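Report on the structure given below.
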Amino acid sequence: MMKSEKEFVGTLMGFDDYVSMYLYNMVLENVTEYETQGESRKVNTLKQILLNGNNICMLVPGGEGPAV
């Protein structure tokens, strides 16, 4: 879950330390992006994404993302 209104679900391929042990840059593959806009939800699929550790607020191992 991100600080914004976006959530990403995918396979964690790698990460690195960023500033401290709690902030990581992460690479995900086979990603589904969920973006909430008011009462609607937009869904995108991406092959790969790099997430900046400053914007990640929660990790849920084995999570399946929000119900669409």
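Residues in the structure tokens are numbered from 1 in each chain, the chains being A, B, ... in the order shown, and ligands are numbered from 1 in the order shown.
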message: Give me the residues near Gln48 in chain A as an NGL selection string, where near means some atom within 9 Å (using only C-alpha atoms) and where sequence neighbours in that chain fewer than 6 positions away do not count.
response: :A and (10 or 27-31)
field: DSSP strand (DSSP E or B) selection over chain A, as an NGL selection string
entry: :A and (2 or 6-18 or 20-37 or 40-51 or 56)
query: From the set A:Arg41, A:Val9, A:Met58, A:Glu64, which residue has the shortest atom-to-atom contact distance to Tyr24 in chain A, counting only C-alpha atoms?
result: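 Checking each candidate against Tyr24 in chain A, we get A:Met58 as the closest.
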message: Just the number, please: distance in Å from CA of Asn52 in chain A to CA of Ser40 in chain A, one decimal.
response: 25.4 Å
task: Write out as a count of residues only the residues lying within 12 Å of Tyr34 in chain A, counting only C-alpha atoms and excluding same-chain residues fewer than 2 positions away.
output: 25
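With CA of Asn25 in chain A on one side and CA of Cys57 in chain A on the other, the separation reads 12.1 Å.
The space between CA of Thr11 in chain A and CA of Asn54 in chain A spans 19.5 Å.
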